[in-house]
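To start, the structure itself, in structure tokens.
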Amino acid sequence: MLIRNFKLLSTNREKQNVLSIIETGLEAALPWKQLGKIVFHDHLFLCGKKFDLKKYDKVFVVAIGKAAYSMAESVNSLASITSGLLIVPKKTKTVLTRNFVVMQAGHPLPNKNSILAAKKILEFIECVKPNDFVIFLISGGASSLVALPDGITLEEKKIATNLMLKCGASIHEINCIRKHLSKIKGGRLLEHLRSDAVSLVMSDVVGDDLTSIASGITYYDKTTFSDARKILKKYNLERLVPKSVLEHIELGMQGKIPETPKRQKIKNRVVSTNKICLDAMNMHAKELGFSTKVLNCISGDVKDLGIKIAKTLSNKKINCVIFGGEATVVVKGKGMGGRNQELVLYTAIDLAKRNANAIVVSVGTDGVDGKTNCAGAIWMSDQKIDKVMPYLDENNSYNFFKKYGGLVFTGPTGTNLMDIGLVLRQ
């Protein structure tokens with residue numbers, strides 16, 4: 001079971017049902033569930049094309065992201081892999097053969113190891129010969145785990161990234177900035193590749209946009225330096241980001257720095273999405289006898305989403321609302337928390353206003369919500385909610401749930417398909 005404190009939280013039948021639906025969604029997110037449909041018997045079936053891996057001299061794996069280890073482990077069991085390179089977050093537990101080199105790097109902000117990892121990948125693929133084959137395995141977190149700043153220092157890139165993460169920008173906007181401050185993102189990594197290759201991608205982005213997932217590291221880029229400049233202006237960050245960041249973007253706008261690649265070099269395929277989790281949850285909820293409504297691709301500020309989710313439950317014909325996607329949070333306080341915990345609280349506030357007797361839960365499929373050690377939280381209408389605003393004003397949702405109960409723990413799950421949740425009317 002992925003939810004470690006499942007029994008502790010299941011204090012009644014309703015909570016047990018809610019958590020079992022969430023557990024179903026988390027299990028559906030595991031990489032092997034989908035990779036086994038694409039890779040088997042040393043063949044790879046992708047985009048209507050069949051790749052016979054046995055015709056190549058060597059087959060390599062380059063895996064980057066929160067799901068890098070579990071994806072590589074799956075592919076290694078399904079095909080004859082010569083060797084591989086894995087870039088994973090700190091403290092990721094790995095047990096692989098000696099043929100795999102594992103490097104741990106920074107997340108959600110890049111660190112020195114992120115630069116070392118980027119250079120190691122370049123060194124690795126530059127040694128790949130024309131008659132070899134590379135399978136890239138890409139998942140959420142890759143944008144931070146590998147970094148090779150262009151025209152700025154690592155510290156300056158960290159400052160810019162941190163400002164973007166806290167201002168309420170979408171992941172598409174954050175990654176636009178990242179791509180235009182990098183020597184490898186937005187498809188630039190592939191400028192060093194001389195062999196055939198494919199990229200299998202797990203989506204942690206609303207809309208499953210390959211140009212944005214992992215900052216399009218094995219794809220290409222639709223955005224421009226001008227777009228990056230507009231985003232900084234939109235969030236009033238022009239005077240807050242380091243001067244070198246603004247100068248670099250402006251040089252790009254003037255054509256003095258080459259734009260990111262605008263054409264696809266290798267086949268990329270999204271192999272797993274948040275919708276897969278929601279479909280599994282919906283099926284299980286119906287098996288339990290609930291009437292459901294599914295909200296796909298939710299995005300935007302947690303306050304607005306809380307209202308939207310609670311309002312959906314007002315339909316008397318529906319007693320279970322399942323939702324998935326990724327909320328954004330404007331960080332103004334100095335507390336501990338995460339978008340899932342805040343989303344649960346804002347939804348709970350609106351449910352309480354409607355006098356709804358309900359349970360709400362939201363978790364990150366990667367098992368980590370914000371900078372906390374939990375995946376998310378669960379709230380039931382008999383819990384305190386009247387004293388919550390001082391916690392939310394300080395972005396301190398973690399300590400609210402720590403005091404009143406409801407933190408959901410899974411630990412790192414080895415996958416990353418955004419967030420999943422549901423509201424159940426009792």
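Starting from 1 in every chain, residues are counted up; chains themselves are A, B, ... following the order of the structure tokens, and ligands are numbered from 1 as listed.
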
Within 12 Å of segment 188-205 of chain A: each segment 58-85 of chain A residue with its shortest pair, only C-alpha atoms, as CSV:
residue,atom,partner,partner_atom,distance
A:Lys58,CA,A:Ser195,CA,10.6
A:Val59,CA,A:Ala197,CA,9.4
A:Phe60,CA,A:Ala197,CA,9.3
A:Val61,CA,A:Ala197,CA,9.7
A:Val62,CA,A:Ser199,CA,9.2
A:Ala63,CA,A:Leu200,CA,9.4
A:Ile64,CA,A:Val201,CA,9.9
A:Gly65,CA,A:Met202,CA,9.4
A:Lys66,CA,A:Met202,CA,9.9
A:Ala67,CA,A:Met202,CA,8.1
A:Ala68,CA,A:Met202,CA,9.9
A:Ser70,CA,A:Met202,CA,11.5
A:Met71,CA,A:Leu200,CA,9.2
A:Ala72,CA,A:Leu200,CA,10.7
A:Val75,CA,A:Leu200,CA,10.4

Resulting file, chosen residues, C-alpha atoms, as a PDB file, in the first residue's frame:
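again_32.pdb written:
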ATOM      1  CA  LYS A  58      24.227  -0.964 -28.108  1.00  0.00           C
ATOM      2  CA  VAL A  59      21.101   0.351 -26.402  1.00  0.00           C
ATOM      3  CA  PHE A  60      21.456   3.020 -23.717  1.00  0.00           C
ATOM      4  CA  VAL A  61      19.079   4.605 -21.229  1.00  0.00           C
ATOM      5  CA  VAL A  62      19.203   8.208 -20.033  1.00  0.00           C
ATOM      6  CA  ALA A  63      16.577   8.774 -17.330  1.00  0.00           C
ATOM      7  CA  ILE A  64      15.911  12.127 -15.675  1.00  0.00           C
ATOM      8  CA  GLY A  65      13.275  13.034 -13.098  1.00  0.00           C
ATOM      9  CA  LYS A  66      11.380  11.897 -10.031  1.00  0.00           C
ATOM     10  CA  ALA A  67      10.356   8.705 -11.836  1.00  0.00           C
ATOM     11  CA  ALA A  68      13.797   8.104 -13.390  1.00  0.00           C
ATOM     12  CA  SER A  70      11.302   3.305 -11.537  1.00  0.00           C
ATOM     13  CA  MET A  71      11.121   4.005 -15.288  1.00  0.00           C
ATOM     14  CA  ALA A  72      14.683   2.741 -15.848  1.00  0.00           C
ATOM     15  CA  VAL A  75      12.683  -0.678 -19.180  1.00  0.00           C
TER      16      VAL A  75
END

Selection: 9 Å around His172 of chain A, only C-alpha atoms, excl. self and same-chain fewer than 4 positions, as a list in words: Cys176, Ile177, Val205, Val206, Asp209, Thr211, Ser212, Ile213 and Ser215 of chain A

Saved selection, atoms kept: N, CA and C atoms, as a tab-separated table (two decimals), in the first residue's frame:
chain	number	residue	atom	x	y	z
A	176	CYS	N	9.23	28.31	-19.48
A	176	CYS	CA	9.62	29.23	-20.56
A	176	CYS	C	10.88	29.99	-20.13
A	177	ILE	N	10.87	30.48	-18.91
A	177	ILE	CA	12.05	31.19	-18.38
A	177	ILE	C	13.24	30.25	-18.30
A	205	VAL	N	2.53	18.05	-16.39
A	205	VAL	CA	2.10	19.37	-16.85
A	205	VAL	C	0.65	19.31	-17.32
A	206	VAL	N	-0.17	20.25	-16.88
A	206	VAL	CA	-1.56	20.32	-17.33
A	206	VAL	C	-1.59	20.51	-18.85
A	209	ASP	N	1.72	19.09	-22.45
A	209	ASP	CA	2.49	19.77	-23.50
A	209	ASP	C	3.95	19.36	-23.45
A	211	THR	N	6.45	20.41	-25.00
A	211	THR	CA	7.42	21.51	-25.02
A	211	THR	C	7.66	22.06	-23.62
A	212	SER	N	6.76	21.73	-22.69
A	212	SER	CA	6.87	22.25	-21.33
A	212	SER	C	7.33	21.20	-20.32
A	213	ILE	N	6.94	19.93	-20.53
A	213	ILE	CA	7.34	18.87	-19.61
A	213	ILE	C	8.87	18.80	-19.57
A	215	SER	N	10.87	21.03	-19.23
A	215	SER	CA	11.36	22.15	-20.05
A	215	SER	C	11.74	21.70	-21.45

Considering only C-alpha atoms, return as a PyMOL selection string whatever protein or nucleic-acid residues lie within 8 Å of segment 367-369 of chain A, sequence-local ones (same chain, fewer than 6 positions apart) excluded. chain A and resi 337-341+375-376+409-413

Contact residues around Ala348 of chain A with only C-alpha atoms at 12 Å, ignoring same-chain residues under 6 positions, as a PDB file with N, CA and C atoms, in the first residue's frame:
ATOM      1  N   VAL A 302      -5.144  28.229  -5.769  1.00  0.00           N
ATOM      2  CA  VAL A 302      -5.823  27.290  -4.869  1.00  0.00           C
ATOM      3  C   VAL A 302      -7.147  27.842  -4.331  1.00  0.00           C
ATOM      4  N   LYS A 303      -7.216  29.153  -4.110  1.00  0.00           N
ATOM      5  CA  LYS A 303      -8.450  29.742  -3.580  1.00  0.00           C
ATOM      6  C   LYS A 303      -9.602  29.554  -4.560  1.00  0.00           C
ATOM      7  N   LEU A 305      -9.770  27.396  -7.057  1.00  0.00           N
ATOM      8  CA  LEU A 305     -10.050  25.977  -7.284  1.00  0.00           C
ATOM      9  C   LEU A 305     -10.848  25.383  -6.134  1.00  0.00           C
ATOM     10  N   GLY A 306     -10.569  25.824  -4.913  1.00  0.00           N
ATOM     11  CA  GLY A 306     -11.330  25.331  -3.759  1.00  0.00           C
ATOM     12  C   GLY A 306     -12.807  25.618  -3.905  1.00  0.00           C
ATOM     13  N   ILE A 307     -13.120  26.831  -4.354  1.00  0.00           N
ATOM     14  CA  ILE A 307     -14.520  27.227  -4.579  1.00  0.00           C
ATOM     15  C   ILE A 307     -15.141  26.391  -5.699  1.00  0.00           C
ATOM     16  N   LYS A 308     -14.391  26.224  -6.786  1.00  0.00           N
ATOM     17  CA  LYS A 308     -14.897  25.474  -7.938  1.00  0.00           C
ATOM     18  C   LYS A 308     -15.197  24.021  -7.569  1.00  0.00           C
ATOM     19  N   ILE A 309     -14.301  23.401  -6.831  1.00  0.00           N
ATOM     20  CA  ILE A 309     -14.478  21.995  -6.458  1.00  0.00           C
ATOM     21  C   ILE A 309     -15.667  21.833  -5.513  1.00  0.00           C
ATOM     22  N   ALA A 310     -15.755  22.712  -4.515  1.00  0.00           N
ATOM     23  CA  ALA A 310     -16.858  22.635  -3.555  1.00  0.00           C
ATOM     24  C   ALA A 310     -18.202  22.881  -4.239  1.00  0.00           C
ATOM     25  N   LYS A 311     -18.223  23.817  -5.168  1.00  0.00           N
ATOM     26  CA  LYS A 311     -19.458  24.149  -5.887  1.00  0.00           C
ATOM     27  C   LYS A 311     -19.956  22.966  -6.710  1.00  0.00           C
ATOM     28  N   LEU A 313     -19.872  19.935  -6.010  1.00  0.00           N
ATOM     29  CA  LEU A 313     -20.551  18.971  -5.144  1.00  0.00           C
ATOM     30  C   LEU A 313     -21.993  19.396  -4.837  1.00  0.00           C
ATOM     31  N   GLN A 341      -2.174  20.631   0.396  1.00  0.00           N
ATOM     32  CA  GLN A 341      -2.685  20.930   1.729  1.00  0.00           C
ATOM     33  C   GLN A 341      -3.513  22.213   1.720  1.00  0.00           C
ATOM     34  N   GLU A 342      -3.048  23.233   0.986  1.00  0.00           N
ATOM     35  CA  GLU A 342      -3.804  24.480   0.893  1.00  0.00           C
ATOM     36  C   GLU A 342      -5.105  24.276   0.126  1.00  0.00           C
ATOM     37  N   ARG A 354     -21.217  26.108   2.905  1.00  0.00           N
ATOM     38  CA  ARG A 354     -22.394  25.473   2.293  1.00  0.00           C
ATOM     39  C   ARG A 354     -23.030  24.444   3.222  1.00  0.00           C
ATOM     40  N   ASN A 355     -22.464  24.307   4.442  1.00  0.00           N
ATOM     41  CA  ASN A 355     -22.946  23.317   5.411  1.00  0.00           C
ATOM     42  C   ASN A 355     -22.942  21.906   4.833  1.00  0.00           C
ATOM     43  N   ALA A 356     -21.954  21.643   3.998  1.00  0.00           N
ATOM     44  CA  ALA A 356     -21.857  20.325   3.363  1.00  0.00           C
ATOM     45  C   ALA A 356     -21.177  19.336   4.308  1.00  0.00           C
ATOM     46  N   ASN A 357     -21.787  18.197   4.467  1.00  0.00           N
ATOM     47  CA  ASN A 357     -21.207  17.136   5.278  1.00  0.00           C
ATOM     48  C   ASN A 357     -20.347  16.278   4.349  1.00  0.00           C
ATOM     49  N   ALA A 358     -19.035  16.561   4.321  1.00  0.00           N
ATOM     50  CA  ALA A 358     -18.194  15.970   3.276  1.00  0.00           C
ATOM     51  C   ALA A 358     -16.773  15.711   3.764  1.00  0.00           C
ATOM     52  N   ILE A 359     -16.045  14.975   2.927  1.00  0.00           N
ATOM     53  CA  ILE A 359     -14.619  14.707   3.136  1.00  0.00           C
ATOM     54  C   ILE A 359     -13.888  15.176   1.889  1.00  0.00           C
ATOM     55  N   VAL A 360     -12.753  15.835   2.069  1.00  0.00           N
ATOM     56  CA  VAL A 360     -11.942  16.263   0.928  1.00  0.00           C
ATOM     57  C   VAL A 360     -10.495  15.833   1.150  1.00  0.00           C
ATOM     58  N   VAL A 361      -9.854  15.372   0.077  1.00  0.00           N
ATOM     59  CA  VAL A 361      -8.464  14.949   0.144  1.00  0.00           C
ATOM     60  C   VAL A 361      -7.767  15.334  -1.158  1.00  0.00           C
ATOM     61  N   SER A 362      -6.498  15.702  -1.064  1.00  0.00           N
ATOM     62  CA  SER A 362      -5.703  15.991  -2.254  1.00  0.00           C
ATOM     63  C   SER A 362      -4.249  15.635  -1.959  1.00  0.00           C
ATOM     64  N   ALA A 377      -3.137  16.036   2.195  1.00  0.00           N
ATOM     65  CA  ALA A 377      -3.929  16.001   3.424  1.00  0.00           C
ATOM     66  C   ALA A 377      -5.366  15.588   3.152  1.00  0.00           C
ATOM     67  N   ILE A 378      -6.043  15.205   4.248  1.00  0.00           N
ATOM     68  CA  ILE A 378      -7.455  14.850   4.208  1.00  0.00           C
ATOM     69  C   ILE A 378      -8.174  15.627   5.313  1.00  0.00           C
ATOM     70  N   TRP A 379      -9.394  16.102   5.006  1.00  0.00           N
ATOM     71  CA  TRP A 379     -10.198  16.849   5.982  1.00  0.00           C
ATOM     72  C   TRP A 379     -11.621  16.334   5.945  1.00  0.00           C
ATOM     73  N   MET A 380     -12.223  16.255   7.137  1.00  0.00           N
ATOM     74  CA  MET A 380     -13.608  15.816   7.253  1.00  0.00           C
ATOM     75  C   MET A 380     -14.400  16.922   7.938  1.00  0.00           C
ATOM     76  N   SER A 381     -15.672  17.071   7.589  1.00  0.00           N
ATOM     77  CA  SER A 381     -16.460  18.211   8.054  1.00  0.00           C
ATOM     78  C   SER A 381     -16.633  18.295   9.566  1.00  0.00           C
ATOM     79  N   ASP A 382     -16.283  17.241  10.307  1.00  0.00           N
ATOM     80  CA  ASP A 382     -16.373  17.333  11.768  1.00  0.00           C
ATOM     81  C   ASP A 382     -15.077  17.879  12.385  1.00  0.00           C
ATOM     82  N   GLN A 383     -14.087  18.196  11.532  1.00  0.00           N
ATOM     83  CA  GLN A 383     -12.830  18.768  12.018  1.00  0.00           C
ATOM     84  C   GLN A 383     -12.932  20.287  12.103  1.00  0.00           C
ATOM     85  N   LYS A 384     -12.072  20.879  12.950  1.00  0.00           N
ATOM     86  CA  LYS A 384     -12.032  22.336  13.083  1.00  0.00           C
ATOM     87  C   LYS A 384     -11.631  22.982  11.765  1.00  0.00           C
ATOM     88  N   ILE A 385     -12.283  24.085  11.417  1.00  0.00           N
ATOM     89  CA  ILE A 385     -11.902  24.846  10.229  1.00  0.00           C
ATOM     90  C   ILE A 385     -11.995  26.349  10.497  1.00  0.00           C
ATOM     91  N   ASP A 386     -12.599  26.720  11.658  1.00  0.00           N
ATOM     92  CA  ASP A 386     -12.822  28.134  11.953  1.00  0.00           C
ATOM     93  C   ASP A 386     -11.538  28.901  12.269  1.00  0.00           C
ATOM     94  N   VAL A 388      -8.567  28.495  10.715  1.00  0.00           N
ATOM     95  CA  VAL A 388      -7.598  28.141   9.679  1.00  0.00           C
ATOM     96  C   VAL A 388      -6.921  29.345   9.011  1.00  0.00           C
ATOM     97  N   MET A 389      -7.575  30.495   8.948  1.00  0.00           N
ATOM     98  CA  MET A 389      -7.050  31.609   8.153  1.00  0.00           C
ATOM     99  C   MET A 389      -5.665  32.096   8.586  1.00  0.00           C
ATOM    100  N   LEU A 422     -10.205  14.177  -4.293  1.00  0.00           N
ATOM    101  CA  LEU A 422     -11.652  14.012  -4.431  1.00  0.00           C
ATOM    102  C   LEU A 422     -12.378  14.585  -3.222  1.00  0.00           C
ATOM    103  N   VAL A 423     -13.641  14.897  -3.456  1.00  0.00           N
ATOM    104  CA  VAL A 423     -14.559  15.281  -2.373  1.00  0.00           C
ATOM    105  C   VAL A 423     -15.688  14.268  -2.364  1.00  0.00           C
ATOM    106  N   LEU A 424     -16.006  13.780  -1.176  1.00  0.00           N
ATOM    107  CA  LEU A 424     -17.082  12.790  -1.029  1.00  0.00           C
ATOM    108  C   LEU A 424     -18.122  13.314  -0.058  1.00  0.00           C
TER     109      LEU A 424
END

Atom-to-atom span, atom CA of Ala28 of chain A and atom CA of Asp304 of chain A, Å: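 One can read the atom CA of Ala28 of chain A to atom CA of Asp304 of chain A distance as 27.6 Å.
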
Residues near Ser170 of chain A, anyone? I mean within 9 Å using only C-alpha atoms, not counting same-chain ones fewer than 2 positions away, as a ChimeraX atom specification. /A:164-165,168,172-175,299-300,326-328

Grab the residues selected above and save them as a PDB file, in the first residue's frame with N, CA and C atoms.
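The resulting file, selection30.pdb, is reproduced below:
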ATOM      1  N   MET A 164      10.004  32.708  -9.492  1.00  0.00           N
ATOM      2  CA  MET A 164       8.935  32.198 -10.345  1.00  0.00           C
ATOM      3  C   MET A 164       8.064  31.187  -9.598  1.00  0.00           C
ATOM      4  N   LEU A 165       8.692  30.341  -8.790  1.00  0.00           N
ATOM      5  CA  LEU A 165       7.951  29.324  -8.053  1.00  0.00           C
ATOM      6  C   LEU A 165       7.013  29.936  -7.014  1.00  0.00           C
ATOM      7  N   GLY A 168       3.198  32.509  -8.186  1.00  0.00           N
ATOM      8  CA  GLY A 168       1.915  32.008  -8.687  1.00  0.00           C
ATOM      9  C   GLY A 168       1.913  31.714 -10.171  1.00  0.00           C
ATOM     10  N   HIS A 172       4.066  26.177 -17.191  1.00  0.00           N
ATOM     11  CA  HIS A 172       4.420  26.555 -18.563  1.00  0.00           C
ATOM     12  C   HIS A 172       5.232  27.847 -18.563  1.00  0.00           C
ATOM     13  N   GLU A 173       4.830  28.799 -17.729  1.00  0.00           N
ATOM     14  CA  GLU A 173       5.533  30.072 -17.649  1.00  0.00           C
ATOM     15  C   GLU A 173       6.902  29.909 -16.998  1.00  0.00           C
ATOM     16  N   ILE A 174       6.950  29.122 -15.938  1.00  0.00           N
ATOM     17  CA  ILE A 174       8.228  28.877 -15.260  1.00  0.00           C
ATOM     18  C   ILE A 174       9.218  28.232 -16.220  1.00  0.00           C
ATOM     19  N   ASN A 175       8.744  27.244 -16.973  1.00  0.00           N
ATOM     20  CA  ASN A 175       9.638  26.525 -17.879  1.00  0.00           C
ATOM     21  C   ASN A 175      10.038  27.338 -19.099  1.00  0.00           C
ATOM     22  N   SER A 299      -6.348  23.778 -12.874  1.00  0.00           N
ATOM     23  CA  SER A 299      -5.165  24.613 -12.698  1.00  0.00           C
ATOM     24  C   SER A 299      -5.606  25.982 -12.220  1.00  0.00           C
ATOM     25  N   GLY A 300      -4.662  26.757 -11.728  1.00  0.00           N
ATOM     26  CA  GLY A 300      -4.983  28.083 -11.234  1.00  0.00           C
ATOM     27  C   GLY A 300      -4.774  28.185  -9.738  1.00  0.00           C
ATOM     28  N   GLU A 326      -2.961  20.585 -11.341  1.00  0.00           N
ATOM     29  CA  GLU A 326      -1.946  21.207 -10.487  1.00  0.00           C
ATOM     30  C   GLU A 326      -2.344  22.642 -10.170  1.00  0.00           C
ATOM     31  N   ALA A 327      -2.549  22.907  -8.902  1.00  0.00           N
ATOM     32  CA  ALA A 327      -2.887  24.254  -8.451  1.00  0.00           C
ATOM     33  C   ALA A 327      -1.618  25.089  -8.325  1.00  0.00           C
ATOM     34  N   THR A 328      -1.805  26.399  -8.231  1.00  0.00           N
ATOM     35  CA  THR A 328      -0.678  27.295  -7.965  1.00  0.00           C
ATOM     36  C   THR A 328      -0.938  28.042  -6.657  1.00  0.00           C
TER      37      THR A 328
END

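What separates atom CA of Pro242 of chain A from atom CA of Leu181 of chain A is a distance of 12.1 Å.
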
Can you check which parts of segment 72-170 of chain A lie within 12 Å of segment 272-296 of chain A? Per residue, the shortest pair of atoms and distance in Å to one decimal, counting only C-alpha atoms, sorted by chain and number, as a Markdown table.
| residue | atom | partner | partner_atom | distance |
| --- | --- | --- | --- | --- |
| A:Leu137 | CA | A:Ser272 | CA | 11.7 |
| A:Ile138 | CA | A:Ser272 | CA | 10.9 |
| A:Ser139 | CA | A:Ser272 | CA | 9.7 |
| A:Gly140 | CA | A:Thr273 | CA | 11.2 |

From A:Thr415, A:Asn395, A:Ser80, A:Asn319, residue lying nearest Glu14 of chain A [only C-alpha atoms]: A:Asn319

Point-to-point distance from atom CA of Gly151 of chain A to atom CA of Gly216 of chain A, Å rounded to tenths: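 Distance between the two atoms: 19.6 Å.
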
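With distances restricted to only C-alpha atoms, A:Val271 is the closest residue to Leu35 of chain A from A:Val271, A:Ala142, A:Met336, A:Val363.
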
Within 12 Å of Ser244 of chain A, counting only C-alpha atoms, which residues show up once you throw out same-chain ones fewer than 5 positions away? Write them as a list in words, please.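 With the cut-off at 12 Å, the set is Pro149, Asp150, Gly151, Ile152, Thr153, Leu154, Glu155, Glu156, Lys157, Ile159, Ala160, Leu181, Glu238, Arg239, Ile249, Glu250 and Leu251 of chain A.
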
Okay, now the selection with N, CA and C atoms, as a PDB file, in the first residue's frame?
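Below you can see part13.pdb, which holds the result:
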ATOM      1  N   PRO A 149      23.291  26.624 -16.895  1.00  0.00           N
ATOM      2  CA  PRO A 149      22.913  28.017 -17.162  1.00  0.00           C
ATOM      3  C   PRO A 149      23.688  28.630 -18.322  1.00  0.00           C
ATOM      4  N   ASP A 150      22.991  29.470 -19.074  1.00  0.00           N
ATOM      5  CA  ASP A 150      23.586  30.128 -20.234  1.00  0.00           C
ATOM      6  C   ASP A 150      23.679  31.636 -19.963  1.00  0.00           C
ATOM      7  N   GLY A 151      24.887  32.136 -19.816  1.00  0.00           N
ATOM      8  CA  GLY A 151      25.079  33.570 -19.634  1.00  0.00           C
ATOM      9  C   GLY A 151      24.850  34.077 -18.228  1.00  0.00           C
ATOM     10  N   ILE A 152      24.485  33.188 -17.318  1.00  0.00           N
ATOM     11  CA  ILE A 152      24.279  33.560 -15.913  1.00  0.00           C
ATOM     12  C   ILE A 152      24.892  32.491 -15.020  1.00  0.00           C
ATOM     13  N   THR A 153      25.029  32.781 -13.737  1.00  0.00           N
ATOM     14  CA  THR A 153      25.565  31.812 -12.797  1.00  0.00           C
ATOM     15  C   THR A 153      24.451  30.914 -12.266  1.00  0.00           C
ATOM     16  N   LEU A 154      24.839  29.815 -11.621  1.00  0.00           N
ATOM     17  CA  LEU A 154      23.857  28.927 -11.011  1.00  0.00           C
ATOM     18  C   LEU A 154      23.067  29.673  -9.939  1.00  0.00           C
ATOM     19  N   GLU A 155      23.735  30.468  -9.136  1.00  0.00           N
ATOM     20  CA  GLU A 155      23.060  31.202  -8.066  1.00  0.00           C
ATOM     21  C   GLU A 155      22.027  32.168  -8.637  1.00  0.00           C
ATOM     22  N   GLU A 156      22.379  32.819  -9.739  1.00  0.00           N
ATOM     23  CA  GLU A 156      21.433  33.747 -10.374  1.00  0.00           C
ATOM     24  C   GLU A 156      20.226  33.002 -10.940  1.00  0.00           C
ATOM     25  N   LYS A 157      20.475  31.809 -11.480  1.00  0.00           N
ATOM     26  CA  LYS A 157      19.354  31.015 -11.997  1.00  0.00           C
ATOM     27  C   LYS A 157      18.458  30.534 -10.853  1.00  0.00           C
ATOM     28  N   ILE A 159      17.919  32.088  -8.025  1.00  0.00           N
ATOM     29  CA  ILE A 159      17.130  33.235  -7.564  1.00  0.00           C
ATOM     30  C   ILE A 159      15.930  33.448  -8.487  1.00  0.00           C
ATOM     31  N   ALA A 160      16.187  33.412  -9.793  1.00  0.00           N
ATOM     32  CA  ALA A 160      15.108  33.602 -10.767  1.00  0.00           C
ATOM     33  C   ALA A 160      14.067  32.495 -10.655  1.00  0.00           C
ATOM     34  N   LEU A 181      17.194  30.351 -20.311  1.00  0.00           N
ATOM     35  CA  LEU A 181      18.386  30.600 -19.497  1.00  0.00           C
ATOM     36  C   LEU A 181      19.271  29.358 -19.462  1.00  0.00           C
ATOM     37  N   GLU A 238      10.707  42.022 -13.058  1.00  0.00           N
ATOM     38  CA  GLU A 238      11.814  42.613 -13.816  1.00  0.00           C
ATOM     39  C   GLU A 238      12.876  43.233 -12.912  1.00  0.00           C
ATOM     40  N   ARG A 239      12.437  43.830 -11.820  1.00  0.00           N
ATOM     41  CA  ARG A 239      13.394  44.472 -10.905  1.00  0.00           C
ATOM     42  C   ARG A 239      13.884  43.524  -9.817  1.00  0.00           C
ATOM     43  N   ILE A 249      18.068  37.706 -21.521  1.00  0.00           N
ATOM     44  CA  ILE A 249      16.804  37.617 -22.262  1.00  0.00           C
ATOM     45  C   ILE A 249      16.717  38.723 -23.312  1.00  0.00           C
ATOM     46  N   GLU A 250      17.156  39.908 -22.963  1.00  0.00           N
ATOM     47  CA  GLU A 250      17.107  41.014 -23.919  1.00  0.00           C
ATOM     48  C   GLU A 250      18.072  40.801 -25.089  1.00  0.00           C
ATOM     49  N   LEU A 251      19.230  40.177 -24.832  1.00  0.00           N
ATOM     50  CA  LEU A 251      20.159  39.834 -25.917  1.00  0.00           C
ATOM     51  C   LEU A 251      19.505  38.829 -26.868  1.00  0.00           C
TER      52      LEU A 251
END

Determine which residues of segment 131-228 of chain A DSSP labels as alpha helix (DSSP H) from the backbone of this structure, then write them out as number ranges by chain. A: 142-145, 154-166, 171-179, 225-228

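Of the residues listed (A:Ile184, A:Ala117, A:Asp42, A:Leu417), A:Leu417 shows the shortest atom-to-atom separation from Ala29 of chain A; distances use only C-alpha atoms.
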
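Distances here use only C-alpha atoms; by that measure, the residue among A:Leu407, A:Ile420, A:Ile115, A:Met1 closest to Ile298 of chain A is A:Ile420.
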